[in-house]
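A.B. asks: Contents of coords07.cif (mmCIF, C-alpha atoms) are below:
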data_final
#
loop_
_atom_site.label_atom_id
_atom_site.label_comp_id
_atom_site.auth_asym_id
_atom_site.auth_seq_id
_atom_site.Cartn_x
_atom_site.Cartn_y
_atom_site.Cartn_z
CA MET A 241 0.00 0.00 0.00
CA LYS A 242 1.43 3.38 -0.98
CA ASP A 243 1.90 6.03 1.68
CA ILE A 244 -0.75 8.71 1.64
CA ILE A 245 0.61 12.23 2.03
CA ILE A 246 -1.99 14.93 2.60
CA SER A 247 -1.67 18.32 4.23
CA ASN A 248 -4.54 19.51 6.36
CA GLU A 249 -3.86 21.65 9.43
CA THR A 250 -7.36 21.20 10.88
CA SER A 251 -7.24 17.38 10.90
CA GLU A 252 -5.38 15.04 13.22
CA ARG A 253 -2.31 13.60 11.53
CA THR A 254 -2.10 9.87 12.00
CA VAL A 255 -0.21 6.75 10.98
CA LEU A 256 -1.74 3.29 10.61
CA VAL A 257 -0.23 0.00 11.78
CA GLY A 258 -1.11 -3.54 10.69
CA LEU A 259 0.32 -7.06 10.67
CA ILE A 260 1.04 -9.72 8.07
CA THR A 261 0.41 -13.09 9.70
CA PRO A 262 -0.07 -16.70 8.58
CA GLN A 263 -3.82 -16.01 8.72
CA GLN A 264 -3.55 -12.65 6.90
CA ASN A 265 -1.27 -12.34 3.86
CA GLU A 266 0.28 -9.09 2.63
CA LEU A 267 -2.46 -8.45 0.07
CA LYS A 268 -5.18 -8.83 2.69
CA ALA A 269 -3.25 -6.77 5.24
CA ASN A 270 -2.87 -3.92 2.75
CA GLU A 271 -6.57 -4.10 1.92
CA TYR A 272 -7.47 -3.86 5.62
CA LEU A 273 -5.16 -0.85 6.02
CA ALA A 274 -6.77 0.84 3.01
CA GLU A 275 -10.15 0.38 4.68
CA LEU A 276 -8.71 1.64 7.98
CA ALA A 277 -7.46 4.73 6.14
CA PHE A 278 -11.00 5.28 4.82
CA LEU A 279 -12.34 4.93 8.37
CA ALA A 280 -9.76 7.46 9.61
CA ASP A 281 -10.73 9.87 6.83
CA THR A 282 -14.40 9.46 7.76
CA ALA A 283 -13.50 10.34 11.36
CA GLY A 284 -11.68 13.46 10.18
CA ALA A 285 -8.06 12.29 10.39
CA VAL A 286 -5.31 12.54 7.79
CA THR A 287 -3.36 9.35 7.15
CA VAL A 288 0.29 10.27 6.59
CA LYS A 289 1.93 6.84 6.49
CA THR A 290 1.19 3.14 6.99
CA PHE A 291 3.38 0.53 8.68
CA LEU A 292 3.22 -3.23 8.19
CA GLN A 293 5.17 -5.95 9.97
CA ARG A 294 5.31 -9.68 9.36
CA LEU A 295 4.79 -11.66 12.58
CA ASP A 296 3.43 -15.08 13.48
CA ARG A 297 1.16 -13.40 16.03
CA PRO A 298 0.76 -9.93 17.59
CA ASN A 299 3.35 -9.10 20.25
CA SER A 300 1.56 -9.47 23.59
CA HIS A 301 3.28 -6.35 24.99
CA THR A 302 3.44 -3.88 22.09
CA PHE A 303 1.48 -5.52 19.21
CA VAL A 304 4.49 -5.01 16.87
CA GLY A 305 8.12 -5.90 17.53
CA LYS A 306 10.58 -3.67 19.38
CA GLY A 307 12.41 -2.61 16.21
CA LYS A 308 9.21 -1.71 14.37
CA LEU A 309 7.95 0.27 17.36
CA GLU A 310 11.19 2.28 17.38
CA GLU A 311 10.78 2.93 13.64
CA ILE A 312 7.22 4.17 14.23
CA LYS A 313 8.42 6.33 17.15
CA LYS A 314 11.06 8.05 15.01
CA PHE A 315 8.54 8.80 12.26
CA VAL A 316 6.00 10.11 14.78
CA GLU A 317 8.58 12.45 16.34
CA ASP A 318 9.94 13.67 12.98
CA ASN A 319 6.56 14.32 11.33
CA ASP A 320 4.38 15.88 14.05
CA ILE A 321 2.05 12.86 14.32
CA GLY A 322 -0.59 13.09 17.03
CA MET A 323 -2.25 9.69 16.76
CA VAL A 324 -1.42 6.08 15.86
CA ILE A 325 -4.23 3.68 14.86
CA PHE A 326 -3.84 -0.09 14.94
CA ASP A 327 -5.90 -2.32 12.66
CA ASP A 328 -6.78 -4.84 15.38
CA ASP A 329 -8.10 -4.59 18.92
CA LEU A 330 -5.46 -3.81 21.54
CA THR A 331 -5.36 -5.00 25.13
CA THR A 332 -5.06 -2.56 28.03
CA LYS A 333 -1.44 -3.62 28.53
CA GLN A 334 -0.59 -3.12 24.85
CA VAL A 335 -2.14 0.36 24.80
CA SER A 336 -0.31 1.37 27.98
CA ASN A 337 3.06 0.11 26.71
CA ILE A 338 2.70 1.61 23.24
CA GLU A 339 1.50 4.94 24.59
CA ARG A 340 4.38 5.11 27.07
CA GLU A 341 6.81 4.59 24.20
CA LEU A 342 5.25 6.81 21.51
CA GLN A 343 3.76 9.53 23.73
CA VAL A 344 0.80 10.09 21.39
CA LYS A 345 -2.84 9.04 21.32
CA ILE A 346 -3.32 5.33 20.58
CA LEU A 347 -6.50 3.93 19.01
CA ASP A 348 -7.49 0.54 17.67
CA ARG A 349 -9.98 -0.32 14.92
CA THR A 350 -12.92 -0.73 17.31
CA SER A 351 -12.42 2.60 19.08
CA LEU A 352 -12.20 4.33 15.68
CA ILE A 353 -15.47 2.73 14.51
CA LEU A 354 -17.14 3.73 17.78
CA ASP A 355 -16.00 7.32 17.27
CA ILE A 356 -17.55 7.38 13.78
CA PHE A 357 -20.77 5.91 15.14
CA ALA A 358 -20.83 8.61 17.82
CA ARG A 359 -20.56 11.24 15.09
CA ARG A 360 -23.23 9.68 12.88
CA ALA A 361 -25.88 8.92 15.51
CA GLN A 362 -28.79 11.34 15.12
CA THR A 363 -31.84 9.81 16.81
CA ALA A 364 -32.23 9.03 20.50
CA SER A 365 -32.28 5.35 19.62
CA ALA A 366 -28.98 5.40 17.75
CA LYS A 367 -27.32 7.57 20.39
CA THR A 368 -28.36 5.15 23.13
CA GLN A 369 -27.08 2.18 21.14
CA VAL A 370 -23.73 3.87 20.50
CA GLU A 371 -23.40 4.95 24.12
CA LEU A 372 -23.97 1.38 25.32
CA ALA A 373 -21.37 0.06 22.89
CA GLN A 374 -18.89 2.69 24.07
CA TYR A 375 -19.31 1.77 27.74
CA GLN A 376 -19.00 -1.94 26.97
CA TYR A 377 -15.77 -1.19 25.13
CA LEU A 378 -14.43 1.02 27.93
CA LEU A 379 -15.29 -1.28 30.82
CA PRO A 380 -12.29 -3.65 30.51
CA ARG A 381 -10.03 -0.67 29.70
CA LEU A 382 -10.58 1.43 32.84
CA THR A 383 -6.86 1.70 33.59
CA ARG A 384 -6.22 3.16 30.16
CA LEU A 385 -9.19 5.49 30.49
CA TRP A 386 -7.95 7.02 33.73
CA THR A 387 -4.59 7.69 32.10
CA HIS A 388 -6.35 9.62 29.35
CA LEU A 389 -8.42 11.55 31.86
CA GLU A 390 -5.30 12.78 33.61
CA ARG A 391 -4.11 14.26 30.31
CA GLN A 392 -7.55 15.63 29.34
CA ARG A 393 -7.19 14.88 25.65
CA GLY A 394 -9.86 15.47 23.06
CA GLY A 395 -10.42 14.75 19.38
CA ILE A 396 -10.94 11.51 17.48
CA GLY A 397 -11.62 8.53 19.72
CA MET A 398 -12.05 10.67 22.83
CA ARG A 399 -15.63 11.83 22.36
CA GLY A 400 -18.17 9.61 24.01
CA PRO A 401 -20.49 9.11 26.93
CA GLY A 402 -18.82 11.74 29.10
CA GLU A 403 -15.45 11.35 30.84
CA THR A 404 -16.61 12.81 34.16
CA GLN A 405 -19.16 10.00 34.46
CA ILE A 406 -16.51 7.31 34.04
CA GLU A 407 -13.67 8.52 36.26
CA THR A 408 -15.29 7.31 39.49
CA ASP A 409 -15.25 3.51 39.44
CA ARG A 410 -16.31 0.29 37.77
CA ARG A 411 -19.61 0.11 39.63
CA ILE A 412 -20.87 3.36 38.13
CA ILE A 413 -20.10 2.11 34.62
CA LEU A 414 -21.86 -1.19 35.27
CA ASP A 415 -24.89 0.71 36.56
CA LYS A 416 -24.80 2.89 33.46
CA ILE A 417 -24.65 -0.16 31.18
CA SER A 418 -27.60 -1.69 33.02
CA ARG A 419 -29.63 1.51 32.62
CA LEU A 420 -28.82 1.79 28.92
CA LYS A 421 -29.85 -1.82 28.36
CA ASP A 422 -33.19 -1.07 30.02
CA GLU A 423 -33.63 1.96 27.76
CA LEU A 424 -32.87 -0.17 24.70
CA LYS A 425 -35.42 -2.77 25.81
CA ALA A 426 -38.03 0.01 25.88
CA ILE A 427 -36.87 1.18 22.45
CA ASP A 428 -37.09 -2.39 21.13
CA LYS A 429 -40.67 -2.69 22.38
CA GLN A 430 -41.61 0.63 20.79
CA LYS A 431 -40.04 -0.35 17.46
CA ALA A 432 -41.76 -3.75 17.60
CA ILE A 433 -45.11 -1.97 18.02
CA GLN A 434 -44.25 0.29 15.08
CA ARG A 435 -43.43 -2.72 12.90
CA LYS A 436 -46.67 -4.41 13.97
CA ASN A 437 -48.67 -1.30 13.09
CA ARG A 438 -47.33 -1.41 9.56
CA GLY A 439 -49.70 -4.28 8.93
CA LYS A 440 -49.07 -7.00 6.39
CA LEU A 441 -47.30 -4.88 3.82
CA THR A 442 -44.32 -6.54 2.17
CA ARG A 443 -41.07 -5.39 3.75
CA VAL A 444 -37.95 -4.99 1.63
CA ALA A 445 -34.64 -4.21 3.36
CA LEU A 446 -31.49 -2.81 1.78
CA VAL A 447 -28.43 -4.56 3.19
CA GLY A 448 -24.78 -4.60 2.24
CA TYR A 449 -21.26 -3.54 3.05
CA THR A 450 -20.80 0.05 4.12
CA ASN A 451 -20.51 2.66 1.33
CA VAL A 452 -21.95 0.50 -1.48
CA GLY A 453 -24.75 2.95 -2.35
CA LYS A 454 -27.74 1.71 -0.31
CA SER A 455 -28.94 5.20 0.60
CA THR A 456 -28.63 6.40 -3.00
CA ILE A 457 -30.80 3.47 -4.13
CA MET A 458 -33.25 4.28 -1.32
CA ASN A 459 -33.52 7.86 -2.58
CA LEU A 460 -34.13 6.68 -6.15
CA LEU A 461 -36.84 4.18 -5.26
CA ALA A 462 -38.56 6.24 -2.57
CA LYS A 463 -37.93 9.67 -4.12
CA SER A 464 -36.71 10.73 -0.69
CA ASP A 465 -33.70 12.61 0.62
CA VAL A 466 -31.96 10.10 2.89
CA PHE A 467 -28.44 11.32 3.67
CA ALA A 468 -25.92 9.76 1.28
CA GLU A 469 -22.19 10.46 1.23
CA ASN A 470 -18.99 8.81 0.04
CA LYS A 471 -18.03 7.98 3.61
CA LEU A 472 -18.18 4.82 5.69
CA PHE A 473 -21.32 4.53 7.84
CA ALA A 474 -22.95 7.60 6.27
CA THR A 475 -26.27 6.02 7.33
CA LEU A 476 -26.54 4.87 10.93
CA ASP A 477 -30.22 5.36 11.77
CA THR A 478 -32.67 2.98 10.12
CA THR A 479 -34.97 4.71 7.61
CA VAL A 480 -38.30 3.25 6.49
CA ARG A 481 -40.27 4.61 3.50
CA LYS A 482 -43.53 3.45 1.95
CA ILE A 483 -43.18 3.16 -1.82
CA ALA A 484 -45.38 1.83 -4.63
CA ILE A 485 -44.19 -0.12 -7.65
CA ASP A 486 -46.97 -0.57 -10.24
CA ASN A 487 -49.51 0.28 -7.51
CA LEU A 488 -48.14 -2.44 -5.21
CA PRO A 489 -47.41 -0.90 -1.76
CA ILE A 490 -44.04 -1.84 -0.23
CA LEU A 491 -42.15 -0.81 2.90
CA LEU A 492 -38.51 -0.11 1.99
CA THR A 493 -35.89 0.00 4.77
CA ASP A 494 -32.36 1.39 4.61
CA THR A 495 -30.07 -0.15 7.23
CA VAL A 496 -26.60 0.44 8.65
CA GLY A 497 -23.79 -0.98 6.52
CA PHE A 498 -21.65 -3.91 7.62
CA ILE A 499 -17.87 -3.98 7.78
CA ARG A 500 -15.10 -6.46 8.48
CA LYS A 501 -14.04 -6.86 12.10
CA LEU A 502 -17.26 -5.20 13.28
CA PRO A 503 -17.17 -5.40 17.11
CA THR A 504 -19.52 -8.04 18.53
CA HIS A 505 -20.87 -5.74 21.24
CA LEU A 506 -21.64 -3.16 18.56
CA VAL A 507 -23.79 -5.70 16.71
CA ASP A 508 -25.51 -6.55 20.00
CA SER A 509 -26.15 -2.88 20.76
CA PHE A 510 -27.78 -2.37 17.36
CA LYS A 511 -30.19 -5.25 17.83
CA SER A 512 -33.26 -3.07 17.28
CA THR A 513 -31.77 -1.76 14.02
CA LEU A 514 -30.96 -5.27 12.83
CA ASP A 515 -34.48 -6.39 13.74
CA GLU A 516 -35.58 -4.56 10.59
CA VAL A 517 -33.41 -6.99 8.63
CA ARG A 518 -34.61 -9.98 10.63
CA GLU A 519 -38.28 -9.17 9.98
CA ALA A 520 -37.89 -8.21 6.31
CA ASP A 521 -39.61 -10.34 3.68
CA VAL A 522 -37.10 -9.61 0.91
CA LEU A 523 -33.47 -8.49 1.07
CA LEU A 524 -31.77 -6.30 -1.51
CA HIS A 525 -28.10 -7.20 -1.06
CA VAL A 526 -26.31 -4.20 -2.54
CA VAL A 527 -22.74 -4.77 -3.77
CA ASP A 528 -20.16 -2.27 -5.02
CA ILE A 529 -19.04 -4.16 -8.12
CA SER A 530 -16.30 -1.58 -8.77
CA HIS A 531 -14.53 -2.56 -5.53
CA PRO A 532 -11.57 -4.87 -6.25
CA ASN A 533 -12.57 -7.20 -3.39
CA PHE A 534 -16.34 -7.07 -3.63
CA GLU A 535 -16.61 -10.85 -3.31
CA ASP A 536 -14.96 -10.68 0.13
CA GLN A 537 -17.44 -7.97 1.10
CA ILE A 538 -20.32 -10.22 0.01
CA GLU A 539 -18.94 -12.94 2.27
CA VAL A 540 -18.73 -10.55 5.24
CA VAL A 541 -22.34 -9.45 4.74
CA ASN A 542 -23.59 -13.01 4.33
CA LYS A 543 -21.82 -14.08 7.51
CA THR A 544 -23.38 -11.20 9.46
CA LEU A 545 -26.81 -11.91 7.97
CA ASN A 546 -26.54 -15.56 9.03
CA GLU A 547 -25.87 -14.39 12.58
CA VAL A 548 -28.71 -11.85 12.53
CA CYS A 549 -31.30 -14.07 10.86
CA ARG A 550 -30.05 -17.27 12.54
CA GLY A 551 -29.97 -19.33 9.39
CA ASN A 552 -33.38 -18.14 8.20
CA GLU A 553 -32.77 -17.73 4.48
CA LYS A 554 -34.80 -14.92 2.97
CA PRO A 555 -35.55 -14.21 -0.69
CA THR A 556 -32.62 -12.09 -1.81
CA ILE A 557 -31.93 -10.00 -4.89
CA MET A 558 -28.25 -9.31 -5.54
CA VAL A 559 -27.98 -5.67 -6.63
CA PHE A 560 -24.58 -5.03 -8.21
CA ASN A 561 -24.23 -1.26 -8.03
CA LYS A 562 -21.68 1.22 -9.45
CA ILE A 563 -21.29 -0.41 -12.87
CA ASP A 564 -20.40 3.11 -14.07
CA ALA A 565 -17.22 2.93 -11.96
CA TYR A 566 -16.20 -0.59 -13.02
CA ASN A 567 -12.60 -0.62 -14.25
CA PHE A 568 -11.52 -3.09 -16.93
CA ILE A 569 -7.81 -3.34 -17.72
CA PRO A 570 -7.32 -5.85 -20.58
CA LYS A 571 -4.30 -8.12 -20.29
CA ASP A 572 -1.55 -8.21 -22.88
CA VAL A 573 -2.01 -11.06 -25.37
CA ASP A 574 1.28 -12.63 -24.25
CA ASP A 575 0.49 -12.28 -20.54
CA LEU A 576 0.10 -15.81 -19.15
CA THR A 577 -0.51 -14.80 -15.53
CA PRO A 578 -3.92 -15.74 -14.05
CA SER A 579 -6.74 -13.26 -14.65
CA THR A 580 -7.64 -10.91 -11.80
CA ARG A 581 -10.92 -9.11 -11.23
CA GLU A 582 -9.55 -6.05 -13.06
CA ASN A 583 -8.84 -8.18 -16.16
CA ILE A 584 -12.40 -9.46 -16.51
CA PRO A 585 -14.83 -7.48 -18.72
CA LEU A 586 -18.06 -6.45 -17.00
CA GLU A 587 -20.18 -8.54 -19.39
CA GLU A 588 -18.18 -11.66 -18.54
CA LEU A 589 -18.49 -10.90 -14.82
CA LYS A 590 -22.25 -10.48 -15.24
CA GLU A 591 -22.54 -13.90 -16.85
CA THR A 592 -20.55 -15.45 -14.00
CA TRP A 593 -22.85 -14.04 -11.35
CA MET A 594 -26.01 -14.68 -13.35
CA ALA A 595 -24.94 -18.33 -13.50
CA ARG A 596 -24.67 -18.33 -9.70
CA THR A 597 -27.84 -16.43 -8.89
CA GLY A 598 -30.09 -16.97 -11.91
CA ASP A 599 -32.71 -14.25 -12.18
CA GLU A 600 -31.91 -12.98 -8.70
CA ALA A 601 -29.24 -10.51 -9.84
CA VAL A 602 -29.38 -7.07 -11.41
CA PHE A 603 -26.56 -4.74 -12.47
CA ILE A 604 -27.23 -1.04 -11.97
CA SER A 605 -25.75 2.40 -11.52
CA ALA A 606 -27.73 4.24 -8.87
CA LYS A 607 -25.66 7.34 -9.60
CA ASN A 608 -26.66 7.41 -13.29
CA GLY A 609 -30.04 5.68 -12.91
CA THR A 610 -28.98 2.79 -15.17
CA ASN A 611 -31.22 -0.33 -15.08
CA ILE A 612 -33.35 1.02 -12.22
CA ASP A 613 -36.52 -0.10 -14.02
CA GLU A 614 -35.13 -3.64 -14.14
CA LEU A 615 -34.48 -3.47 -10.39
CA LYS A 616 -38.03 -2.25 -9.77
CA ALA A 617 -39.41 -5.13 -11.87
CA LYS A 618 -37.52 -7.70 -9.82
CA ILE A 619 -38.66 -6.13 -6.55
CA TYR A 620 -42.24 -6.10 -7.85
CA GLU A 621 -42.20 -9.81 -8.72
CA LYS A 622 -40.80 -10.81 -5.32
CA ALA A 623 -43.13 -8.50 -3.40
CA LYS A 624 -46.18 -9.59 -5.40
CA GLN A 625 -45.62 -13.26 -4.53
CA ILE A 626 -45.52 -12.41 -0.83
CA HIS A 627 -48.42 -9.98 -1.09
CA LEU A 628 -50.64 -12.64 -2.66
CA THR A 629 -49.97 -15.09 0.14
CA ARG A 630 -51.30 -12.47 2.57
CA PHE A 631 -54.07 -11.08 0.39
CA PRO A 632 -55.14 -14.04 -1.81
CA TYR A 633 -58.31 -12.26 -2.97
CA ASN A 634 -56.11 -9.82 -4.89
CA ASP A 635 -54.87 -12.63 -7.13
CA PHE A 636 -57.67 -12.08 -9.64
CA LEU A 637 -56.96 -8.34 -9.73
CA TYR A 638 -53.27 -8.90 -10.38
CA GLN A 639 -54.05 -11.32 -13.21
CA LYS A 640 -56.31 -8.74 -14.84
CA TYR A 641 -53.69 -6.04 -14.28
CA ASP A 642 -50.99 -8.15 -15.94
CA GLU A 643 -53.28 -9.03 -18.87
CA LEU A 644 -54.03 -5.35 -19.34
CA GLY A 645 -50.34 -4.60 -19.38
CA GLU A 646 -49.70 -7.26 -22.03
CA GLU A 647 -52.50 -5.86 -24.24
CA GLN A 648 -51.01 -2.36 -23.99
CA GLU A 649 -47.61 -3.69 -25.07
#
Represent the supplied structure as structure tokens.

C.D. replies:
Amino acid sequence: MKDIIISNETSERTVLVGLITPQQNELKANEYLAELAFLADTAGAVTVKTFLQRLDRPNSHTFVGKGKLEEIKKFVEDNDIGMVIFDDDLTTKQVSNIERELQVKILDRTSLILDIFARRAQTASAKTQVELAQYQYLLPRLTRLWTHLERQRGGIGMRGPGETQIETDRRIILDKISRLKDELKAIDKQKAIQRKNRGKLTRVALVGYTNVGKSTIMNLLAKSDVFAENKLFATLDTTVRKIAIDNLPILLTDTVGFIRKLPTHLVDSFKSTLDEVREADVLLHVVDISHPNFEDQIEVVNKTLNEVCRGNEKPTIMVFNKIDAYNFIPKDVDDLTPSTRENIPLEELKETWMARTGDEAVFISAKNGTNIDELKAKIYEKAKQIHLTRFPYNDFLYQKYDELGEEQE
């Protein structure tokens, strides 16, 4: 991964650190660091340099080896770096040792994600969920937290549930966690009532990796103005809109995006948000087909969905978005190396996925509006099948409606 050099006086300058291990090769490690850089940018930091080290396992004291830590220290001192972010979770001992050596703010991947969630949360529900996740993350790290309180630092990774509330003792935090869980139970009940009041309308949920274009698709289908941005976790609060496709009413839900290494307690905290996925009738699995590792992202989403839905397979339409950004770099005729994703034409890739999913795939550009009618047609067919199981007396009306459509054609 190439170093990223950007000048921005208002942002925190940071370096990123990752490992190459037997379980994580160099290609994968670089990909994770690229995603970590995107997370840092979303949080408002400027990534100045990345460091990678090859180890069998993380060093139990300092995550990286002594020599690598000294190399990082020299760069930090020479380049006015205020923060170092590690791509994996750190223990309290690791944070304390690294911070003592580098004398700058130390974050790990989870604390960075929590900071972004704290920024993105808008509703009382989302704020409560984020606050609970923050306290659960901080609880085993009280020693580290008190060290930070003595220095009174602010900025990325330091915003949260309120330092003055935490500095007392473990019991207060446990009481706070208990209270937040009670609040979330009340929120869950309220949301369950809301879902029940929606009646028997077919529910379609947009799911997918973060930053694949779910909110843009939501805006196209619902003609709404859901916040969409080229940032990770631009959407945190669940949004539900009632739409109609060929006079068939549908409830469309936009959900929070998934990501690799998403903290378990964060998933638990967002149970009420994920309930929208669990109770959906149809899933629109949105994929950024222009991403070089979109197949890995599909796997991450499927794994999370299996955990959320507990093996309950739902009708799913694969929505391959961003075909306008798909890059095809043809190989030289004499090049005998194996083909990579970049060497495969889009049409060939379409055929590959159509063979896997049959009619359950559509290739669109939400940005340009390409093939949106095809997407609507697929949603309509899925939703109509479910609608007719709930309102069988409408079967005759749908048959007449379809016949009328065929006559008009």

A.B. asks: Apply the PyMOL selection byres ((chain A and resi 347-351) around 9) to the displayed file and report the matching residues as a ChimeraX atom specification.

C.D. replies: /A:276,279,323-330,335,345-346,352-356,374,377,396-398,501-503

A.B. asks: Taking (-28.5, 3.2, -7.4) in the file's coordinates, which residues come within 6 Å, counting only C-alpha atoms, written as a PyMOL selection string?

C.D. replies: chain A and resi 456-457+605-607

A.B. asks: Of the candidates A:Val344, A:Leu420, A:Met558, A:Ala364, which one gets nearest to Leu523 (chain A) if we count all atoms listed in the file?

C.D. replies: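 Smallest separation from Leu523 (chain A) among the options: A:Met558.
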
A.B. asks: Quick check, in Å to one decimal: how far apart do CA of Val526 (chain A) and CA of Tyr449 (chain A) lie?

C.D. replies: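 Distance reported for this atom pair: 7.6 Å.
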
A.B. asks: So which one's closest to Leu514 (chain A), A:Ala283, A:Met458, A:His531, A:Val447? Using all atoms listed in the file, please.

C.D. replies: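 For Leu514 (chain A), the nearest of the given residues is A:Val447.
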
A.B. asks: Enter the distance from CA of Glu310 (chain A) to CA of Ala269 (chain A), in Å, rounded to one decimal.

C.D. replies: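 Distance between the two atoms: 20.9 Å.
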
A.B. asks: In Å, how far is it from CA of Leu615 (chain A) to CA of Leu524 (chain A)?

C.D. replies: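 So the answer is 9.7 Å.
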
A.B. asks: Considering all atoms listed in the file, tabulate each residue of region 480-541 of chain A that lies at most 12 Å from region 583-589 of chain A along with its nearest interatomic pair and the corresponding distance in Å to one decimal; arrange the rows by chain and ascending residue number and present them as a tab-separated table.

C.D. replies:
residue	atom	partner	partner_atom	distance
A:Ile529	CA	A:Leu586	CA	9.2
A:Ser530	CA	A:Leu586	CA	9.7
A:Pro532	CA	A:Asn583	CA	10.8
A:Glu535	CA	A:Leu589	CA	11.7

A.B. asks: Give me the residues within 9 Å of Arg443 (chain A) as an MDAnalysis selection string, counting all atoms listed in the file and dropping any in the same chain fewer than 6 places off.

C.D. replies: chainID A and resid 490:493 516 519:523 623

A.B. asks: Store the residues picked out above in a file with C-alpha atoms, as an mmCIF file, keeping the file's coordinate frame.

C.D. replies:
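Once everything was written out, this is out.cif:
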data_model
loop_
_atom_site.group_PDB
_atom_site.id
_atom_site.type_symbol
_atom_site.label_atom_id
_atom_site.label_comp_id
_atom_site.auth_asym_id
_atom_site.auth_seq_id
_atom_site.Cartn_x
_atom_site.Cartn_y
_atom_site.Cartn_z
ATOM 1 C CA ILE A 490 -44.040 -1.840 -0.230
ATOM 2 C CA LEU A 491 -42.150 -0.810 2.900
ATOM 3 C CA LEU A 492 -38.510 -0.110 1.990
ATOM 4 C CA THR A 493 -35.890 0.000 4.770
ATOM 5 C CA GLU A 516 -35.580 -4.560 10.590
ATOM 6 C CA GLU A 519 -38.280 -9.170 9.980
ATOM 7 C CA ALA A 520 -37.890 -8.210 6.310
ATOM 8 C CA ASP A 521 -39.610 -10.340 3.680
ATOM 9 C CA VAL A 522 -37.100 -9.610 0.910
ATOM 10 C CA LEU A 523 -33.470 -8.490 1.070
ATOM 11 C CA ALA A 623 -43.130 -8.500 -3.400
#

A.B. asks: So, counting all atoms listed in the file, which residue among A:Asp515, A:Glu553, A:Glu341, A:Glu539 is closest to Phe498 (chain A)?

C.D. replies: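 Of the candidates, the smallest distance to Phe498 (chain A) is held by A:Glu539.
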
A.B. asks: I'd like to know which of A:Arg596, A:Asn451, A:Glu547, A:Ala617 is closest to Asn561 (chain A), using only C-alpha atoms.

C.D. replies: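 Checking each of A:Arg596, A:Asn451, A:Glu547, A:Ala617 against Asn561 (chain A), counting only C-alpha atoms, the winner is A:Asn451.
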
A.B. asks: Write out as a list in words which residues come within 10 Å of region 629-631 of chain A when counting all atoms listed in the file, dropping same-chain ones fewer than 4 positions away.

C.D. replies: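 Near region 629-631 of chain A, the qualifying residues are Lys440, Leu441, Thr442, Lys624, Gln625 and Asp635 of chain A.
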
A.B. asks: Given the choices A:Lys289, A:Lys554, A:Lys562, A:Arg381, which gets closest to Phe534 (chain A) if the distance is worked out from all atoms listed in the file?

C.D. replies: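 Smallest distance to Phe534 (chain A) is found for A:Lys562.
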
A.B. asks: Which residues come within 9 Å of Ile485 (chain A), counting all atoms listed in the file, excluding same-chain residues fewer than 3 positions away, as a PyMOL selection string?

C.D. replies: chain A and resi 461+488-490+616-617+619-620

A.B. asks: Using all atoms listed in the file and a cutoff of 12 Å, can you tell me which residues are near (-6.4, -5.4, 0.0) in the file's coordinates, and write them out as a PyMOL selection string?

C.D. replies: chain A and resi 241-242+260+264-277+531-534+536-537

A.B. asks: Name the closest residue to Ile483 (chain A) among the candidates A:Val444, A:Ile538, A:Val452, A:Ala432; distances are taken between atoms, counting all atoms listed in the file.

C.D. replies: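 With all atoms listed in the file as the atom set, the closest residue is A:Val444.
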